[in-house]
Each structure stands twice: as structure tokens, then as C-alpha cells.
Amino acid sequence: MIEIDIEKENKAIAHEYKELLRISYQTLSVTDKKLIRKAFDVAVDAHKEQRRKSGEAYIFHPIAVAKIVASEIGLGATAIAAALLHDVVEDTPVTVEDIERLFNPKVAQLVEGLTKISMVQKDLNASMQAENFRKMILTLNDDVRVILIKLADRLHNMQTMESMVEYKQTKIASETLYIYAPLAHRLGLYNIKTKLEDLGLKYTEPAVYNDIVSKIRETKEEQDAYIKDISDVLKKSLDDENIDYIIKGRPKSIYSIRRKMRAQNVSFDEVYDKFALRIVYKSDQHDEKFVAWKIYSIVTDHYRPSPSRLRDWISSPKSTGYEALHITVMGPKGRWVEVQVRSERMDEIAEKGYAAHYKYKNGANEESGLDVWLNLLREALENQETNAVDFVEDFKMNLYSKEIFVFTPKGEIKSLPKGATSLDFAFSIHSEIGIKTRGTRVNGRLVPLNHELKSGDQVEVITSANQKPTVNWLEYVTTARAKTKIKNVLNENTKKIAEEGKELLTRKLKHLKITINEQVINELVNFFKLKTSLDLFYRVGIGAIENQQLKDYAAQKSNSIINFFKNKIKRNKDTADDDIHKQVISSNYDMLVFGTEHDKLDYKLSPCCNPIPGDDVFGFVTINEGIKVHKKDCPNAIGMQSNYAYRIMSAKWIDSSQEEFKAIINITGMDVLGLTNQLTKVISNNMSVNIQSISLSTDAGIFHGQVAVIVQNNTILKKMITAIKKIDGVDKVTREYRT
């Protein structure tokens, strides 16, 4: 029986190998095929004793990764061979030297890069996790293919995570959403980005994911019929113009629907551009732009466009190389529809990114194509000395930012992230120009250094040899490059000033009869709401902390000692009564318990997402404030679970009963007569809800209300929200989360 199974498995492995060669995007020469065959044989032999958690032979994983590398990323034979061998050095006795001897230095270099990424221990602490990302990102300086193969590896791991334990699924999915999906986005691999995001959502918010998937299934027939109606209308006009094209429906990704639901505070049904279609046309490169605008003209002849939603990435391609026209039009039944217009070349670049770029550059080889891609990411890699978590945060910020296009005084076009300022522009020209910037002109008008730029602005930088960055400059810029350069210049002086500040602080505290030590320094850092002792000493050094403020600290310190003794005396007196009273009350209280053992621990509810009983939550162990409890869909959850996985604790509410929590509800609607009366009636009729505050206003027929209520748990709150929604005139009811 086992023999038959192994025979069947071997046939399946052989089939997968043939499939790998068949789907390769590159044209493989005889030499290429020999290289891939050899890599396949070495990998099969090295992994022959291994099986995955699901029970299947391990070799299916490297073959699947190689297939993604070959077809979806479109790399050549060297990268396909490295993908087949990517786990060999880590998991088997084969060494990098063996690979170099059997193959060539390039394959060995790629496998070594992939092994280095995998060998970093991930679960020790936060900086180690961020360090892992940093090391991975810095391999871009060696060969971008290491990252491309790593993305393929991550995609296949995400596709086969069912057999993993839940906490590992959450951790890996959080990492994926935090760094791998943005990387795929920045490298122009939009298909892979979408798959990673959808799978990330599947494991971080399974209930939300499944809900959206089921709703997409329910509406699929209706959506297909709707897209067909539009396609039929457009086909006739496109055929009349003799355009060679195909039209295909493009379902919105599950993750992008979720993002819109959250950003716009709307339900699935209210996401307005779920309908999308893509027109891909054939054209030589010379006529591409002409044909694209011809198609635009045909689409807008039939359907009215939204002027604010036109995206022209043909005249000004994204820095990832993405080119297309995106038109949002009002389709039948009053629904918005996004129409993407791309040539076959643009479509290939959007799907394959990197590989298609060099294919269309007159057959340039794989090696020369690498430089373009490294330049995309190099500026984010310039500062390797910062704290690893900050480095990853800055790098990530550069990955996902939308772009604007601005002009230099000579008319050259520059791409910057959306939100960039005129000072960011100065640093994007050259860091020396940025450091010496005295002022900026936008469209001929003098503007502040923190002036936010818009697409189409023409920017001129005025420099002065005597100019130096100040601490305020860090608030004037948004790009990682500018921040890094400013910090580097500031740091040279900061340490010197901080040393002088420490001596000065010691003298001032001595005068207040306080001896400086570690505890006092920590108290001062907290008192002045700073992050580090360096910040404290620096501020004393530049005179930002005045003598009166230090006197206030000294007074508070002596008061806290007196209060401590007062409370201790009072507590001893009341303890017996208090303990009995507490036991009676707390036995019915809503409890939050942690970990598999349901431990009862001290915690604080995080103000960033304001969880209440019934919400899905987790605990996060902070450095100074104990356990903070966050909602699972908290905006900060992905970053915490990715960078600080070892600090996450599972948590859940038990026995919802008597404890009370505050929730803030925002209500909008039409100013119908009696609406206020109805609203207060509905809330006060709900026995378990107390109104803490209520604020109502009307503006030109629109009603706005904010109600703060005290509730026992999430179920009661949801019931109340449902009741409010039914009031005549109410349009939207949302729960507010503090950010």
C-alpha cells in the first residue's frame, strides 16, 4: 500500500516539475533547462526524508515556490534554480559551498541570502523580529531576486497554513500584512500583493474575511450580469473603432473591500466601487497613449465620469513602473464602476513588474534589469544605524505611500510620496541641498518648509551655506530619507549638549535637595512625558526645561511620599470592610482572562481602540504600563503582532454581568421633526444603558449627534445601535474609536 502511495507521489512530483517548465515566463534555453533539472534533482534528494505538517512530501513546497517565481514573478533559470534549493542549506546537510561547486556562484549567492533570512531566530524579542526584517530588507543591496524569491516562499506558506496552530497563523499573517504585502506593492507585483493581503486578512480577522467572502459569493451572479451589460455596450463602440482588445471583470480584493469598509465606516453593501472591469488593448508602443485616450473617450461617451476619480498613470507612471488609465464612471442603476485601461505591455508590467520591465527594454538581460529595482528601494535603506523597529517603520512608510508628481524649476518631473512637503522635495534632490535649505518657492510663491505639495506643483529651493537643520525640521518632513538625514545632522550635536545638560541637571537637583539616580531620571522622563533620558538631558542642555518645572517635580515628589503614608494609614483602617464588599461585587463582575489557563491579571484597556466586554481582544505586555488590552481589529494590532509577537497574550471576556463601560456613538441623518425626542426615548428605554452625555446639532437640514453611553457589554451596545438605526431620518450610526 505504501509503495503505491509513494509511486503516486513520485508521479505527482514529476508532473509538478513538467508544469514548472511549461509555465515559465522566460524562454528557457537548453542550458537553462539543464540547470533547473539539476537543481530539481539535488532538492528532491536533499528533502527526500522530510514531510510538511500537512503530511505531504516537503519537495512540493520548493517546487511550488519555483512555480510562483517562474510564472507570477517571471524570473529566469538562475532564480528558478535558487527557489528549488532555497531550503536545502537550512534543512539538510548540503552547504552553500556544495551549491557553488555543483552550480555557479550566482545560484549559491541567492541561496545563501535566503538562508541568512531564515536563520535569524524570530521569537526572542521585538528588536530581533524587526532585526529579521531589517536583514531581509538589506539583502536588496546584494540582489533583489533574494526578496522576490522570499515573497514567493511567503505566498506559498500563506496558502498552506491550515495545519498550523492559531497563534502562529496570526503571527505569520500579521508579518505578511505588515511588511511582505507592502514590499510586493513597492516592487509592482500587484497580483502577489493582493493574494498576500487577502490571506493575511483570512488569518488575522477570520470572521470579517468569511463574511465578505460569503457576501461576494451571494452577489457574484448579479455582479457578473452587471459587468456584462456594461461590456456589451462598450464592445460595439470599440469594435467600430477597430481596436483589438479584451474586456474582463475585475473583482475587488477582499482586503481592499475591508479597508474601505473601515476607512469610510460603511457596510459591505455601501462600498461604492466593488464593480470593476479592465480593458486590455493591443498596440505598438508608439500609439499606446493615443489608443488609451481613444478608449477613454468611448467609455465616457456612454457613461458619465467622476472628474475627481480619473487617474492618469500613462502620462506619469508610478515609480514602480505601473502604467494605466483608471476611470470611475456612473454605470447603470446609479452604481460607480472603475474601468482600467491598459495596453498588453502595461498589463504585463502590472502583473509581472520586474520581469516584464527588462523584457520590453530591447531584450535587456536579467542582471541589468536589477539596477532599476534596487534604485526604487535604495533610499529607504540609506540609514542602517537606527533602531531596528524604527528602521522597519520608516521603510514600511516608504513602501505603501501613494505618489504625487512635482516639477523642478527646469521642468524635470520628480515622484514623491503623497503628503510630502517642500522640505522633503529639497532632500529628494540631494541631502546636501536639504541640509542647507533656507526657504522654498512653490509655483513662484514663497511657502513654509512644511508646505504640503500637490501633483503638478513646481518647486524651487533656496539654500544658504550658513543654514543648519533644527529639531523642528523633523516635524516638517514625511519621507524616511529626509528624516534620516536630519537626524544624522542633529545627532552630532545632541550627544554633546546632552552631556552638558546632565551636569547642569545634577547641579539643579542638588540645589532642590534631590540626589540624581536612575529612579529620579525615570521619574523625570515620565514627568515631562519624554521617551528617553537623552531627551531629558538634551532639553535641560538647551534650556527647554526651566527651573520652575523642576521645582514642580520636586513638590510633586514630596507630596506623593506624604500621600503614600496617608493612604497606607487609611487603607489599614478600611481593609476588612473593603475586602468583604469587593468580594461580593467582583464575583458578578465581567472578567477578562488571559492565556490558555484563563489567568486573572492586572490590565488597562487601551484608549486607541477602547475595547468593551464582548469585543474580540488580545493582551499586549508593555514595558512600563503592564498589560494593555486591544481589540483584535485595532488599527495598531498588525504592527504589534508582527514586531512584538512574543509580547502578545491571548485574552477573552468571561461572565458578562455588572461592570460598566463607556462607548461613544456618532449619529448622522436628516433633520426630521421629533428626531431628538425619538433618539433619547430609544436610548433611555434600553434598561441597561445610561446616557453620560449627549451633543446634538443641525446644519442645513443635516443632523449630527454624539452620545456617550455607559453599557455593560458589546451585546447591549449592538442592540441599542440597531434600535437607533431604525429611527426615521437616521442615516448612519457608528461607534467611535480613539486614535
# chains A, B, ... in the order shown; residues from 1 in each chain; ligands from 1
call {"tool": "residues_around", "arguments": {"residues": "Thr421 of chain A", "least_positions_apart": "6", "cutoff": "10 Å", "atoms": "only C-alpha atoms", "output": "number ranges by chain"}}
result
A: 448-454, 476-479
call {"tool": "select_by_dssp", "arguments": {"residues": "segment 426-662 of chain A", "states": "strand (DSSP E or B)", "output": "count of residues only"}}
result
43
call {"tool": "select_by_dssp", "arguments": {"residues": "segment 477-541 of chain A", "states": "helix (DSSP H, G or I)", "output": "number ranges by chain"}}
result
A: 480-511, 518-527, 533-541
call {"tool": "residues_around", "arguments": {"residues": "Glu288 of chain A", "least_positions_apart": "2", "cutoff": "10 Å", "atoms": "only C-alpha atoms", "output": "ChimeraX atom specification"}}
result
/A:281-286,290-294,314,342-346
call {"tool": "residues_around", "arguments": {"residues": "Tyr190 of chain A", "least_positions_apart": "5", "cutoff": "9 Å", "atoms": "only C-alpha atoms", "output": "PyMOL selection string"}}
result
chain A and resi 184-185+195+350-353
call {"tool": "residues_around", "arguments": {"residues": "Pro607 of chain A", "least_positions_apart": "2", "cutoff": "12 Å", "atoms": "only C-alpha atoms", "output": "MDAnalysis selection string"}}
result
chainID A and resid 604:605 609:612 628:631 634:636 662:663 736:739
call {"tool": "closest_residue", "arguments": {"among": "A:Val733, A:Leu151, A:Ala43, A:Val442", "to": "Thr92 of chain A", "atoms": "only C-alpha atoms"}}
result
A:Ala43
call {"tool": "closest_residue", "arguments": {"among": "A:Gln712, A:Gln706, A:Ser24, A:Ser695", "to": "Trp653 of chain A", "atoms": "only C-alpha atoms"}}
result
A:Gln712
call {"tool": "atom_distance", "arguments": {"atom1": "atom CA of Lys193 of chain A", "atom2": "atom CA of Tyr180 of chain A"}}
result
8.0 Å
call {"tool": "residues_around", "arguments": {"residues": "segment 426-438 of chain A", "least_positions_apart": "6", "cutoff": "10 Å", "atoms": "only C-alpha atoms", "output": "number ranges by chain"}}
result
A: 379, 408, 414-416, 448-449, 459-470, 473, 477, 479, 481-486, 489
call {"tool": "atom_distance", "arguments": {"atom1": "atom CA of Gly541 of chain A", "atom2": "atom CA of Glu500 of chain A"}}
result
5.9 Å
call {"tool": "closest_residue", "arguments": {"among": "A:Ala46, A:Ala324, A:Ala645, A:Leu277", "to": "Ile349 of chain A", "atoms": "only C-alpha atoms"}}
result
A:Ala324
call {"tool": "closest_atom_pairs", "arguments": {"of": "segment 645-711 of chain A", "to": "segment 716-726 of chain A", "cutoff": "7 Å", "atoms": "only C-alpha atoms", "output": "Markdown table"}}
result
| residue | atom | partner | partner_atom | distance |
| --- | --- | --- | --- | --- |
| A:Leu679 | CA | A:Ile724 | CA | 6.7 |
| A:Val682 | CA | A:Ile724 | CA | 6.8 |
| A:Ile683 | CA | A:Met720 | CA | 6.8 |
| A:Val711 | CA | A:Leu717 | CA | 6.6 |
call {"tool": "atom_distance", "arguments": {"atom1": "atom CA of Asp457 of chain A", "atom2": "atom CA of Arg304 of chain A"}}
result
28.3 Å
call {"tool": "closest_residue", "arguments": {"among": "A:Lys551, A:Lys48, A:Arg647, A:Lys333", "to": "Tyr303 of chain A", "atoms": "only C-alpha atoms"}}
result
A:Lys333
call {"tool": "closest_residue", "arguments": {"among": "A:Glu475, A:Asp91, A:Glu19, A:Glu222", "to": "His47 of chain A", "atoms": "only C-alpha atoms"}}
result
A:Asp91
